[in-house]
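Engineer: Supplied structure: input_22.cif, mmCIF, C-alpha atoms.
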data_upload
#
loop_
_atom_site.label_atom_id
_atom_site.label_comp_id
_atom_site.auth_asym_id
_atom_site.auth_seq_id
_atom_site.Cartn_x
_atom_site.Cartn_y
_atom_site.Cartn_z
CA MET W 1 9.20 -6.66 25.12
CA ARG W 2 8.36 -5.27 21.67
CA VAL W 3 10.13 -2.20 20.31
CA ALA W 4 9.18 -0.67 16.96
CA VAL W 5 11.44 1.59 14.91
CA ALA W 6 9.42 4.00 12.80
CA SER W 7 9.57 7.42 11.15
CA GLY W 8 7.34 9.60 9.07
CA LYS W 9 9.87 10.25 6.36
CA GLY W 10 11.58 7.45 4.49
CA GLY W 11 15.37 7.22 4.50
CA THR W 12 15.83 8.66 7.98
CA GLY W 13 17.70 5.61 9.28
CA LYS W 14 15.11 3.16 10.62
CA THR W 15 16.97 0.14 9.31
CA PHE W 16 20.29 1.55 10.50
CA VAL W 17 18.92 1.92 14.03
CA THR W 18 17.22 -1.51 13.88
CA VAL W 19 20.33 -3.32 12.69
CA ASN W 20 22.57 -1.76 15.31
CA LEU W 21 20.11 -2.29 18.14
CA ALA W 22 19.85 -5.94 17.13
CA ARG W 23 23.63 -6.29 17.08
CA THR W 24 24.10 -4.68 20.51
CA TYR W 25 21.40 -6.71 22.23
CA ASN W 26 22.96 -9.22 24.61
CA ASN W 27 20.36 -11.96 24.40
CA PRO W 28 18.51 -13.74 21.61
CA ILE W 29 16.44 -11.22 19.68
CA LEU W 30 13.82 -11.51 16.96
CA VAL W 31 13.83 -8.80 14.29
CA LEU W 32 10.71 -8.37 12.15
CA ASP W 33 11.22 -6.42 8.93
CA CYS W 34 7.70 -5.12 8.33
CA ASP W 35 8.75 -2.79 5.51
CA VAL W 36 7.39 -5.37 3.06
CA GLU W 37 7.60 -3.11 0.01
CA GLU W 38 11.33 -2.66 0.48
CA PRO W 39 12.68 -5.03 3.14
CA ASN W 40 16.40 -4.36 3.45
CA THR W 41 17.37 -5.35 6.98
CA ASN W 42 18.58 -8.60 5.36
CA LEU W 43 21.37 -6.68 3.63
CA PHE W 44 22.99 -6.26 7.04
CA LEU W 45 21.63 -9.05 9.21
CA LYS W 46 22.63 -11.87 6.93
CA GLY W 47 21.85 -15.33 8.15
CA ASP W 48 21.07 -18.87 7.13
CA LEU W 49 17.73 -19.37 5.47
CA ILE W 50 15.47 -21.23 7.90
CA ASN W 51 12.10 -21.00 6.25
CA GLU W 52 10.31 -19.42 3.32
CA ARG W 53 6.58 -19.57 2.77
CA PRO W 54 3.92 -17.76 0.75
CA SER W 55 1.77 -15.04 2.29
CA THR W 56 -1.81 -15.26 1.09
CA ILE W 57 -5.14 -13.52 1.28
CA LEU W 58 -8.58 -14.99 0.64
CA VAL W 59 -10.27 -13.97 -2.60
CA PRO W 60 -13.53 -15.21 -4.12
CA GLN W 61 -13.64 -17.80 -6.87
CA VAL W 62 -16.76 -18.27 -8.97
CA ASP W 63 -18.49 -21.55 -9.54
CA GLU W 64 -20.37 -20.61 -12.68
CA SER W 65 -22.97 -23.36 -12.69
CA PRO W 66 -25.08 -22.25 -9.70
CA CYS W 67 -24.50 -18.51 -10.44
CA ASP W 68 -27.61 -16.84 -11.82
CA GLY W 69 -26.00 -13.43 -12.37
CA CYS W 70 -28.01 -11.66 -9.65
CA ARG W 71 -25.22 -9.06 -9.13
CA ILE W 72 -25.49 -9.11 -5.32
CA CYS W 73 -21.77 -9.93 -5.03
CA ALA W 74 -20.81 -6.84 -7.07
CA GLU W 75 -23.23 -4.65 -5.12
CA VAL W 76 -21.95 -5.65 -1.68
CA CYS W 77 -18.30 -5.27 -2.71
CA GLU W 78 -17.02 -2.01 -1.21
CA PHE W 79 -13.82 -2.27 -3.23
CA ASN W 80 -15.15 -2.55 -6.79
CA ALA W 81 -13.44 -5.91 -7.08
CA ILE W 82 -16.33 -7.67 -8.83
CA ALA W 83 -18.06 -6.80 -12.10
CA VAL W 84 -21.00 -8.84 -13.36
CA ILE W 85 -20.88 -8.97 -17.14
CA ALA W 86 -23.02 -11.11 -19.40
CA GLY W 87 -24.58 -12.67 -16.32
CA LYS W 88 -21.29 -13.85 -14.78
CA PRO W 89 -19.05 -12.28 -12.12
CA LEU W 90 -15.55 -11.19 -13.09
CA ILE W 91 -13.23 -11.12 -10.08
CA PHE W 92 -10.38 -8.60 -9.76
CA GLU W 93 -8.13 -10.18 -7.12
CA ASP W 94 -5.87 -7.12 -6.95
CA LEU W 95 -8.73 -4.95 -5.72
CA CYS W 96 -10.06 -7.49 -3.19
CA HIS W 97 -9.61 -6.73 0.52
CA SER W 98 -10.69 -10.22 1.64
CA CYS W 99 -13.75 -9.02 3.54
CA GLY W 100 -15.74 -12.07 2.45
CA ALA W 101 -18.99 -10.13 1.91
CA CYS W 102 -19.51 -11.49 -1.61
CA ALA W 103 -19.29 -15.13 -0.53
CA THR W 104 -21.44 -14.47 2.54
CA PHE W 105 -24.23 -12.72 0.64
CA CYS W 106 -24.28 -14.92 -2.48
CA PRO W 107 -27.77 -16.50 -2.44
CA GLN W 108 -26.65 -19.33 -4.73
CA ASP W 109 -23.49 -20.25 -2.80
CA ALA W 110 -21.60 -19.78 -6.04
CA LEU W 111 -18.60 -18.00 -4.51
CA GLN W 112 -15.91 -19.79 -2.61
CA GLU W 113 -13.00 -18.07 -0.87
CA VAL W 114 -9.62 -19.38 -2.00
CA GLU W 115 -6.04 -18.45 -1.14
CA HIS W 116 -4.28 -15.94 -3.37
CA VAL W 117 -0.53 -15.41 -2.97
CA ILE W 118 0.52 -11.77 -2.56
CA GLY W 119 3.92 -12.09 -0.90
CA THR W 120 6.56 -14.20 0.83
CA VAL W 121 7.59 -14.52 4.47
CA ILE W 122 11.27 -15.35 4.90
CA GLU W 123 13.06 -16.39 8.08
CA ARG W 124 16.83 -16.23 8.57
CA LYS W 125 19.06 -16.81 11.57
CA SER W 126 22.61 -15.99 12.52
CA ASP W 127 23.95 -16.42 16.07
CA SER W 128 21.51 -14.79 18.46
CA ILE W 129 19.62 -12.78 15.83
CA ARG W 130 16.62 -14.23 14.06
CA LEU W 131 15.18 -12.14 11.21
CA ILE W 132 11.73 -12.58 9.72
CA GLU W 133 10.84 -10.39 6.79
CA GLY W 134 7.87 -9.96 4.52
CA GLN W 135 8.21 -9.31 0.81
CA ILE W 136 5.26 -8.09 -1.21
CA HIS W 137 5.15 -9.45 -4.74
CA VAL W 138 5.52 -7.02 -7.62
CA GLY W 139 2.15 -5.70 -8.76
CA LYS W 140 0.36 -6.46 -5.49
CA ALA W 141 -1.08 -3.59 -3.49
CA LEU W 142 -1.93 -4.92 -0.02
CA ALA W 143 0.95 -4.66 2.44
CA VAL W 144 -0.99 -5.13 5.68
CA PRO W 145 -1.88 -8.85 5.30
CA ILE W 146 1.82 -9.62 4.80
CA ILE W 147 2.79 -7.54 7.84
CA ARG W 148 0.16 -9.43 9.81
CA ASP W 149 1.71 -12.73 8.65
CA VAL W 150 5.20 -11.59 9.67
CA LYS W 151 3.93 -10.53 13.09
CA LYS W 152 2.06 -13.81 13.55
CA GLU W 153 5.44 -15.55 13.51
CA SER W 154 6.48 -13.59 16.60
CA GLU W 155 3.57 -14.89 18.67
CA LYS W 156 5.33 -18.20 19.16
CA ALA W 157 8.80 -16.69 19.53
CA ASP W 158 11.22 -17.91 22.19
CA GLU W 159 13.10 -14.61 22.21
CA ASP W 160 12.04 -12.17 24.92
CA MET W 161 12.86 -9.17 22.73
CA VAL W 162 11.16 -8.37 19.43
CA LEU W 163 12.37 -5.46 17.33
CA LEU W 164 10.11 -4.26 14.52
CA ASP W 165 11.44 -2.33 11.52
CA SER W 166 8.43 -0.31 10.34
CA PRO W 167 7.62 0.89 6.84
CA PRO W 168 7.91 4.68 6.43
CA GLY W 169 4.88 6.92 6.52
CA THR W 170 1.93 7.00 8.88
CA SER W 171 -0.67 4.95 7.01
CA CYS W 172 -2.06 1.46 7.72
CA PRO W 173 1.18 -0.51 7.25
CA MET W 174 2.96 1.65 9.84
CA VAL W 175 0.03 1.60 12.27
CA TRP W 176 -0.21 -2.20 11.98
CA THR W 177 3.51 -2.54 12.65
CA ILE W 178 3.63 -0.40 15.78
CA GLY W 179 0.13 -1.26 17.08
CA ASP W 180 1.15 -3.69 19.84
CA ALA W 181 4.63 -2.33 20.62
CA ASP W 182 5.66 -1.41 24.16
CA PHE W 183 7.80 1.41 22.85
CA VAL W 184 8.29 3.23 19.56
CA ILE W 185 11.52 4.82 18.41
CA LEU W 186 10.90 7.62 15.92
CA VAL W 187 13.97 8.29 13.80
CA ALA W 188 14.13 11.85 12.46
CA GLU W 189 16.49 14.07 10.53
CA PRO W 190 17.02 17.57 11.92
CA THR W 191 15.71 19.32 8.80
CA ALA W 192 12.49 21.09 7.77
CA PHE W 193 11.42 18.03 5.81
CA GLY W 194 12.38 15.76 8.70
CA LEU W 195 10.35 17.81 11.16
CA HIS W 196 7.28 17.90 8.94
CA ASP W 197 7.12 14.12 8.73
CA LEU W 198 8.13 13.64 12.37
CA GLN W 199 5.12 15.72 13.41
CA LEU W 200 2.82 13.39 11.46
CA ALA W 201 4.49 10.35 13.04
CA VAL W 202 4.19 11.84 16.55
CA GLU W 203 0.49 12.51 16.01
CA THR W 204 -0.02 8.92 14.88
CA VAL W 205 1.91 7.30 17.73
CA GLU W 206 0.12 9.52 20.28
CA GLU W 207 -3.22 8.52 18.78
CA VAL W 208 -2.29 4.83 19.04
CA GLY W 209 -1.18 5.57 22.63
CA ILE W 210 2.29 4.05 22.80
CA PRO W 211 5.24 5.60 24.68
CA PHE W 212 7.89 6.84 22.31
CA GLY W 213 11.14 8.76 21.99
CA VAL W 214 12.98 10.45 19.16
CA VAL W 215 16.36 9.47 17.77
CA ILE W 216 17.94 12.27 15.79
CA ASN W 217 19.96 10.84 12.93
CA LYS W 218 22.51 12.82 10.94
CA ASP W 219 22.76 15.17 13.91
CA GLY W 220 24.69 18.22 12.75
CA ILE W 221 22.98 18.82 9.42
CA GLY W 222 20.00 21.15 9.12
CA ASP W 223 19.10 23.18 12.18
CA ASP W 224 17.53 22.94 15.65
CA ARG W 225 13.87 22.84 14.62
CA VAL W 226 13.40 19.15 15.50
CA GLU W 227 15.06 19.81 18.85
CA LYS W 228 12.78 22.79 19.55
CA PHE W 229 9.70 20.83 18.55
CA CYS W 230 10.63 18.02 20.94
CA THR W 231 11.28 20.45 23.80
CA ARG W 232 7.99 22.24 23.21
CA HIS W 233 6.04 18.96 23.24
CA GLN W 234 8.06 17.37 26.05
CA ILE W 235 9.24 14.57 23.80
CA ASP W 236 12.48 12.90 24.87
CA ILE W 237 15.36 12.80 22.45
CA ILE W 238 16.76 9.40 23.37
CA ALA W 239 19.81 9.34 21.10
CA ARG W 240 21.71 11.44 18.61
CA ILE W 241 23.58 9.77 15.80
CA PRO W 242 26.13 12.21 14.42
CA TYR W 243 26.37 13.15 10.77
CA ASP W 244 29.53 11.24 10.13
CA ARG W 245 30.95 10.40 6.72
CA HIS W 246 32.53 7.31 8.25
CA ILE W 247 29.05 5.87 8.99
CA SER W 248 28.00 6.31 5.36
CA GLU W 249 31.16 4.66 4.10
CA VAL W 250 30.85 1.63 6.38
CA TYR W 251 27.09 1.32 5.89
CA ALA W 252 27.35 1.56 2.10
CA ARG W 253 29.75 -1.39 2.18
CA GLY W 254 27.30 -3.32 4.34
CA GLY W 255 29.83 -3.18 7.15
CA ASP W 256 29.47 -3.01 10.91
CA ILE W 257 29.68 0.50 12.39
CA LEU W 258 29.80 -0.97 15.89
CA GLU W 259 33.47 -1.76 15.36
CA GLU W 260 33.80 1.91 16.24
CA TYR W 261 33.64 1.91 20.05
CA SER W 262 31.70 5.18 20.38
CA TYR W 263 28.84 3.76 18.30
CA GLN W 264 28.79 0.53 20.30
CA VAL W 265 28.32 2.69 23.40
CA LEU W 266 25.69 4.86 21.69
CA PHE W 267 23.45 1.87 20.91
CA GLU W 268 24.06 0.18 24.26
CA ASN W 269 22.96 3.41 25.94
CA LEU W 270 19.92 3.56 23.69
CA TRP W 271 18.86 0.09 24.89
CA GLN W 272 19.22 1.24 28.49
CA VAL W 273 17.03 4.27 27.88
CA ILE W 274 14.37 2.16 26.13
CA GLN W 275 14.35 -0.41 28.93
CA GLN W 276 14.05 2.32 31.58
CA LYS W 277 11.19 3.95 29.66
CA VAL W 278 9.26 0.70 29.30
CA GLU W 279 9.85 -0.24 32.95
CA SER W 280 8.72 3.17 34.23
CA GLN W 281 5.63 2.80 32.05
CA GLU W 282 4.91 -0.56 33.62
CA VAL W 283 5.16 1.04 37.08
CA ILE W 284 2.62 3.69 36.06
CA HIS W 285 0.26 1.03 34.74
CA ALA W 286 0.67 -1.11 37.87
CA MET C 1 -25.55 1.57 -32.71
CA LYS C 2 -24.64 3.35 -29.50
CA ILE C 3 -21.16 4.68 -28.76
CA ALA C 4 -19.81 5.99 -25.44
CA PHE C 5 -17.42 8.97 -25.41
CA THR C 6 -15.54 10.09 -22.31
CA ALA C 7 -16.29 13.78 -21.69
CA SER C 8 -15.88 16.50 -19.12
CA GLY C 9 -19.27 18.07 -19.89
CA ASP C 10 -22.84 17.45 -21.05
CA THR C 11 -22.73 18.25 -24.76
CA LEU C 12 -20.93 17.27 -27.97
CA LYS C 13 -18.98 20.55 -27.65
CA SER C 14 -17.61 19.42 -24.29
CA ALA C 15 -13.95 18.61 -23.86
CA PHE C 16 -13.04 15.01 -24.62
CA ASP C 17 -11.70 13.34 -21.45
CA ASN C 18 -8.56 11.25 -21.89
CA ARG C 19 -9.32 9.23 -18.79
CA PHE C 20 -11.81 6.40 -18.77
CA GLY C 21 -12.55 5.29 -15.17
CA ARG C 22 -12.35 8.80 -13.79
CA ALA C 23 -13.91 10.65 -16.69
CA GLU C 24 -16.54 13.10 -15.46
CA LYS C 25 -19.27 11.97 -17.85
CA PHE C 26 -19.99 9.60 -20.67
CA ILE C 27 -21.80 10.91 -23.72
CA ILE C 28 -23.81 8.03 -25.16
CA TYR C 29 -24.31 8.79 -28.84
CA ASP C 30 -26.89 6.95 -30.95
CA THR C 31 -25.66 6.83 -34.56
CA ASP C 32 -29.05 5.74 -35.94
CA ALA C 33 -31.06 8.53 -34.35
CA GLY C 34 -28.26 11.12 -34.27
CA THR C 35 -29.14 11.89 -30.63
CA TYR C 36 -27.23 11.52 -27.39
CA SER C 37 -27.72 11.13 -23.66
CA VAL C 38 -25.38 11.79 -20.74
CA LEU C 39 -24.21 9.23 -18.19
CA ASP C 40 -22.81 10.77 -15.03
CA ASN C 41 -19.65 9.21 -13.60
CA ALA C 42 -19.30 11.38 -10.48
CA GLN C 43 -19.52 8.41 -8.13
CA ASN C 44 -16.49 6.75 -9.72
CA LEU C 45 -14.58 10.01 -9.86
CA GLU C 46 -14.53 9.77 -6.05
CA ALA C 47 -13.92 6.01 -5.80
CA ALA C 48 -10.91 5.00 -3.73
CA GLN C 49 -10.17 2.18 -6.13
CA GLY C 50 -11.73 0.20 -8.96
CA ALA C 51 -13.07 3.25 -10.81
CA GLY C 52 -12.33 1.58 -14.14
CA VAL C 53 -14.22 -1.60 -13.22
CA GLN C 54 -17.29 0.36 -12.12
CA ALA C 55 -17.24 2.78 -15.02
CA ALA C 56 -16.93 -0.11 -17.45
CA GLN C 57 -19.97 -1.82 -15.90
CA HIS C 58 -22.02 1.38 -16.28
CA VAL C 59 -20.93 1.85 -19.85
CA VAL C 60 -21.77 -1.79 -20.65
CA ALA C 61 -25.17 -1.42 -18.95
CA SER C 62 -25.95 1.59 -21.17
CA GLY C 63 -26.00 -0.82 -24.11
CA VAL C 64 -23.15 0.59 -26.18
CA GLU C 65 -21.24 -1.42 -28.76
CA ALA C 66 -18.24 0.89 -28.80
CA LEU C 67 -16.28 3.18 -26.51
CA VAL C 68 -14.07 6.07 -27.60
CA THR C 69 -11.66 7.29 -24.93
CA GLY C 70 -8.10 8.44 -24.38
CA HIS C 71 -6.58 5.58 -22.47
CA LEU C 72 -7.82 2.33 -21.03
CA GLY C 73 -6.44 0.33 -18.10
CA PRO C 74 -6.31 -3.47 -17.84
CA LYS C 75 -9.27 -4.00 -15.49
CA ALA C 76 -11.65 -1.77 -17.43
CA ALA C 77 -10.48 -3.43 -20.64
CA ARG C 78 -11.26 -6.88 -19.23
CA VAL C 79 -14.82 -5.83 -18.33
CA LEU C 80 -15.47 -4.12 -21.68
CA PHE C 81 -13.97 -6.89 -23.79
CA THR C 82 -15.86 -9.59 -21.86
CA ALA C 83 -19.04 -7.68 -22.64
CA GLY C 84 -18.07 -7.45 -26.31
CA VAL C 85 -17.63 -3.67 -26.35
CA THR C 86 -14.98 -2.44 -28.82
CA ALA C 87 -12.75 0.29 -27.40
CA TYR C 88 -11.09 2.95 -29.56
CA HIS C 89 -8.30 5.34 -28.69
CA ALA C 90 -8.77 8.91 -29.89
CA ASP C 91 -6.59 11.96 -29.54
CA ALA C 92 -9.33 14.59 -29.68
CA LYS C 93 -10.05 17.94 -28.06
CA THR C 94 -13.85 17.70 -28.04
CA VAL C 95 -16.45 14.94 -28.16
CA GLU C 96 -17.59 16.29 -31.52
CA GLU C 97 -14.08 15.90 -32.89
CA ALA C 98 -13.83 12.34 -31.54
CA LEU C 99 -17.21 11.51 -33.11
CA ALA C 100 -16.05 12.87 -36.49
CA MET C 101 -12.92 10.71 -36.24
CA PHE C 102 -15.05 7.68 -35.44
CA ASN C 103 -17.42 8.36 -38.36
CA SER C 104 -14.55 8.76 -40.79
CA LYS C 105 -13.16 5.40 -39.58
CA ALA C 106 -9.94 7.11 -38.51
CA LEU C 107 -9.88 5.28 -35.16
CA LYS C 108 -8.32 1.88 -34.62
CA PRO C 109 -9.74 -0.55 -32.03
CA LEU C 110 -7.59 -1.19 -28.97
CA LYS C 111 -6.59 -4.84 -28.77
CA ASP C 112 -5.53 -4.49 -25.15
CA ALA C 113 -5.24 -1.97 -22.34
CA ASP C 114 -2.83 0.79 -23.34
CA VAL C 115 -1.93 1.98 -19.84
CA GLU C 116 -1.12 0.18 -16.59
CA GLY C 117 -3.46 -0.12 -13.65
CA HIS C 118 -3.28 2.46 -10.88
CA TRP C 119 -2.53 1.09 -7.46
CA VAL C 120 -4.15 2.18 -4.26
#
Please rewrite the model in this file as structure tokens.

Structural biologist:
Amino acid sequence: MRVAVASGKGGTGKTFVTVNLARTYNNPILVLDCDVEEPNTNLFLKGDLINERPSTILVPQVDESPCDGCRICAEVCEFNAIAVIAGKPLIFEDLCHSCGACATFCPQDALQEVEHVIGTVIERKSDSIRLIEGQIHVGKALAVPIIRDVKKESEKADEDMVLLDSPPGTSCPMVWTIGDADFVILVAEPTAFGLHDLQLAVETVEEVGIPFGVVINKDGIGDDRVEKFCTRHQIDIIARIPYDRHISEVYARGGDILEEYSYQVLFENLWQVIQQKVESQEVIHA
Amino acid sequence: MKIAFTASGDTLKSAFDNRFGRAEKFIIYDTDAGTYSVLDNAQNLEAAQGAGVQAAQHVVASGVEALVTGHLGPKAARVLFTAGVTAYHADAKTVEEALAMFNSKALKPLKDADVEGHWV
């Protein structure tokens, strides 16, 4: 089973929910931190380093001798990543989206696709939790290829549960993260800002067509607008995490909030709800 | 020689545009003839990314030896410098004013990009 934790707004508590779900799961679990621009699950799920490898994309490299400066490579590039100056192509790797059109259309076979490092994929393990995270390198712009690399690792996973910590927002990196999940948890704050971004996230998840539920975090601040929105759209609120100063204090220290029994129960219950939702979905599909 | 100026209109009286890749137009001024033509940059104004690279190619293709603009990013600078175009920074209100600065040799050539690239 694959469960993704997402939100529209950043800072709503995705990592908090991910970390505590991972800790309350009774069997081996694989956690994928797909928030490659700011992976921070590792601050809480510390483990022994198992593996670290570069994440690469393919970019063109010019062999200047056969190149006759015909400009076809620059013309077919949809991303303005090639300029032909003084009869020779200049490649801008940071703009390249690895589509391969330049190399395919080059009549002289003067372009070769080579690997270009844009990030790192890191694997850690402690007890029954294995964490794989992607880290985009400073100055690089493409998050999706790194997310794809992180997710590729889960294809050969032994664990029967995969938990994905999504990047915030509703653009490509988030869609790529949740795309093949069986269930999406949308974490939202009960505020005007929280509702605005939750609405965008709901629209996206509905478009992708994955069952989902809302976890209200910091329940008690703001007002009931998120609640009303969920009722109106028949969206299930599957957990409420109270606005509790104690959580902030423990979390800020990197501590374990599950030492508090009520929170252990809260996340155990959340797992039950998720499993019921996924199972009922499977019945519908059968 | 021909010089490109970034502008937001079609004449020498037009406002000087501080941006390079997403300038609305380029005024291509011919110092020998004292005449100018206009190069439209609308396509790059809308580009999702790589506006500087494209704009620099167009400016190079227009046959200029110099560019006068507000700021220049690293990718556009690489294209221009490879092509041997000298870029100058000017703090001017109109194209006319920037041209006068150029003529009076008040402008210094940029050795490198003076702003960072913009990420998509």

Engineer: Within 7 Å of chain C, which residues belong to chain W? Use only C-alpha atoms and report them as a ChimeraX atom specification.

Structural biologist: /W:79-81,83,85-86,95,141

Engineer: What does the distance from CA of Tyr243 in chain W to CA of Pro190 in chain W come to in Å, to one decimal?

Structural biologist: 10.4 Å

Engineer: Which one is closest to Phe16 in chain C: C:His71, C:His58, C:Lys2, C:Lys93? Count all atoms listed in the file.

Structural biologist: C:Lys93

Engineer: Can you list, as a PyMOL selection string, the residues that the PyMOL selection byres ((chain W and resi 157-165) around 10) selects here?

Structural biologist: chain W and resi 1-7+14-19+21-22+25+27-36+39-41+128-133+151-156+166-168+174+177-178+181+183-185

Engineer: Please write the residues from the selection above to a file, keeping C-alpha atoms, as a PDB file, in the coordinates of the input.

Structural biologist:
ATOM      1  CA  MET W   1       9.200  -6.660  25.120  1.00  0.00           C
ATOM      2  CA  ARG W   2       8.360  -5.270  21.670  1.00  0.00           C
ATOM      3  CA  VAL W   3      10.130  -2.200  20.310  1.00  0.00           C
ATOM      4  CA  ALA W   4       9.180  -0.670  16.960  1.00  0.00           C
ATOM      5  CA  VAL W   5      11.440   1.590  14.910  1.00  0.00           C
ATOM      6  CA  ALA W   6       9.420   4.000  12.800  1.00  0.00           C
ATOM      7  CA  SER W   7       9.570   7.420  11.150  1.00  0.00           C
ATOM      8  CA  LYS W  14      15.110   3.160  10.620  1.00  0.00           C
ATOM      9  CA  THR W  15      16.970   0.140   9.310  1.00  0.00           C
ATOM     10  CA  PHE W  16      20.290   1.550  10.500  1.00  0.00           C
ATOM     11  CA  VAL W  17      18.920   1.920  14.030  1.00  0.00           C
ATOM     12  CA  THR W  18      17.220  -1.510  13.880  1.00  0.00           C
ATOM     13  CA  VAL W  19      20.330  -3.320  12.690  1.00  0.00           C
ATOM     14  CA  LEU W  21      20.110  -2.290  18.140  1.00  0.00           C
ATOM     15  CA  ALA W  22      19.850  -5.940  17.130  1.00  0.00           C
ATOM     16  CA  TYR W  25      21.400  -6.710  22.230  1.00  0.00           C
ATOM     17  CA  ASN W  27      20.360 -11.960  24.400  1.00  0.00           C
ATOM     18  CA  PRO W  28      18.510 -13.740  21.610  1.00  0.00           C
ATOM     19  CA  ILE W  29      16.440 -11.220  19.680  1.00  0.00           C
ATOM     20  CA  LEU W  30      13.820 -11.510  16.960  1.00  0.00           C
ATOM     21  CA  VAL W  31      13.830  -8.800  14.290  1.00  0.00           C
ATOM     22  CA  LEU W  32      10.710  -8.370  12.150  1.00  0.00           C
ATOM     23  CA  ASP W  33      11.220  -6.420   8.930  1.00  0.00           C
ATOM     24  CA  CYS W  34       7.700  -5.120   8.330  1.00  0.00           C
ATOM     25  CA  ASP W  35       8.750  -2.790   5.510  1.00  0.00           C
ATOM     26  CA  VAL W  36       7.390  -5.370   3.060  1.00  0.00           C
ATOM     27  CA  PRO W  39      12.680  -5.030   3.140  1.00  0.00           C
ATOM     28  CA  ASN W  40      16.400  -4.360   3.450  1.00  0.00           C
ATOM     29  CA  THR W  41      17.370  -5.350   6.980  1.00  0.00           C
ATOM     30  CA  SER W 128      21.510 -14.790  18.460  1.00  0.00           C
ATOM     31  CA  ILE W 129      19.620 -12.780  15.830  1.00  0.00           C
ATOM     32  CA  ARG W 130      16.620 -14.230  14.060  1.00  0.00           C
ATOM     33  CA  LEU W 131      15.180 -12.140  11.210  1.00  0.00           C
ATOM     34  CA  ILE W 132      11.730 -12.580   9.720  1.00  0.00           C
ATOM     35  CA  GLU W 133      10.840 -10.390   6.790  1.00  0.00           C
ATOM     36  CA  LYS W 151       3.930 -10.530  13.090  1.00  0.00           C
ATOM     37  CA  LYS W 152       2.060 -13.810  13.550  1.00  0.00           C
ATOM     38  CA  GLU W 153       5.440 -15.550  13.510  1.00  0.00           C
ATOM     39  CA  SER W 154       6.480 -13.590  16.600  1.00  0.00           C
ATOM     40  CA  GLU W 155       3.570 -14.890  18.670  1.00  0.00           C
ATOM     41  CA  LYS W 156       5.330 -18.200  19.160  1.00  0.00           C
ATOM     42  CA  SER W 166       8.430  -0.310  10.340  1.00  0.00           C
ATOM     43  CA  PRO W 167       7.620   0.890   6.840  1.00  0.00           C
ATOM     44  CA  PRO W 168       7.910   4.680   6.430  1.00  0.00           C
ATOM     45  CA  MET W 174       2.960   1.650   9.840  1.00  0.00           C
ATOM     46  CA  THR W 177       3.510  -2.540  12.650  1.00  0.00           C
ATOM     47  CA  ILE W 178       3.630  -0.400  15.780  1.00  0.00           C
ATOM     48  CA  ALA W 181       4.630  -2.330  20.620  1.00  0.00           C
ATOM     49  CA  PHE W 183       7.800   1.410  22.850  1.00  0.00           C
ATOM     50  CA  VAL W 184       8.290   3.230  19.560  1.00  0.00           C
ATOM     51  CA  ILE W 185      11.520   4.820  18.410  1.00  0.00           C
TER      52      ILE W 185
END

Engineer: Quick one: apply the PyMOL selection byres ((chain W and resi 192-196) around 10) to the file and drop the selected residues here as a list of chain:residue names.

Structural biologist: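 Selected by the PyMOL selection byres ((chain W and resi 192-196) around 10) here: W:Ser7, W:Gly8, W:Lys9, W:Gly10, W:Gly11, W:Thr12, W:Val187, W:Ala188, W:Glu189, W:Pro190, W:Thr191, W:Asp197, W:Leu198, W:Gln199, W:Leu200, W:Ala201, W:Ile216, W:Asn217, W:Gly222, W:Asp223, W:Asp224, W:Arg225, W:Val226, W:Glu227, W:Phe229, W:Cys230.
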
Engineer: So that I can see what lies close to Ala98 in chain C, please list as a list in words the residues with an atom at most 10 Å from it, counting only C-alpha atoms and leaving out residues fewer than 2 positions away in the same chain.

Structural biologist: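 Using only C-alpha atoms, the neighbours found are Phe5, Thr6, Leu12, Ala15, Phe16, Val68, Thr69, Gly70, Tyr88, His89, Ala90, Asp91, Ala92, Lys93, Thr94, Val95, Glu96, Ala100, Met101, Phe102, Asn103, Ser104, Ala106 and Leu107 of chain C.
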
Engineer: Which neighbours of Gly34 in chain C fall inside 12 Å, counting all atoms listed in the file, when residues of the same chain fewer than 3 positions from it are skipped, and could you give them as a PyMOL selection string?

Structural biologist: chain C and resi 1-3+12+28-31+37+99+103

Engineer: Distance CA of Lys218 in chain W-CA of Gln264 in chain W, one decimal place?

Structural biologist: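 Straight-line distance from CA of Lys218 in chain W to CA of Gln264 in chain W works out to 16.7 Å.
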
Engineer: Need to verify the contact set: His116 in chain W, 10 Å, all atoms listed in the file, exclusion of same-chain residues closer than 4 positions in sequence. Can you return it as a PyMOL selection string?

Structural biologist: chain W and resi 54-60+93-94+98

Engineer: Work out how far apart CA of Ala113 in chain C and CA of Pro74 in chain C are and give it in Å to one decimal.

Structural biologist: 4.9 Å

Engineer: Tell me, as an mmCIF file with C-alpha atoms, keeping the file's coordinate frame, which residues lie within 8 Å of Asn51 in chain W, counting only C-alpha atoms; anything in the same chain fewer than 6 positions away does not count.

Structural biologist:
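Result written to part.cif:
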data_model
loop_
_atom_site.group_PDB
_atom_site.id
_atom_site.type_symbol
_atom_site.label_atom_id
_atom_site.label_comp_id
_atom_site.auth_asym_id
_atom_site.auth_seq_id
_atom_site.Cartn_x
_atom_site.Cartn_y
_atom_site.Cartn_z
ATOM 1 C CA ILE W 122 11.270 -15.350 4.900
ATOM 2 C CA GLU W 123 13.060 -16.390 8.080
ATOM 3 C CA ARG W 124 16.830 -16.230 8.570
#
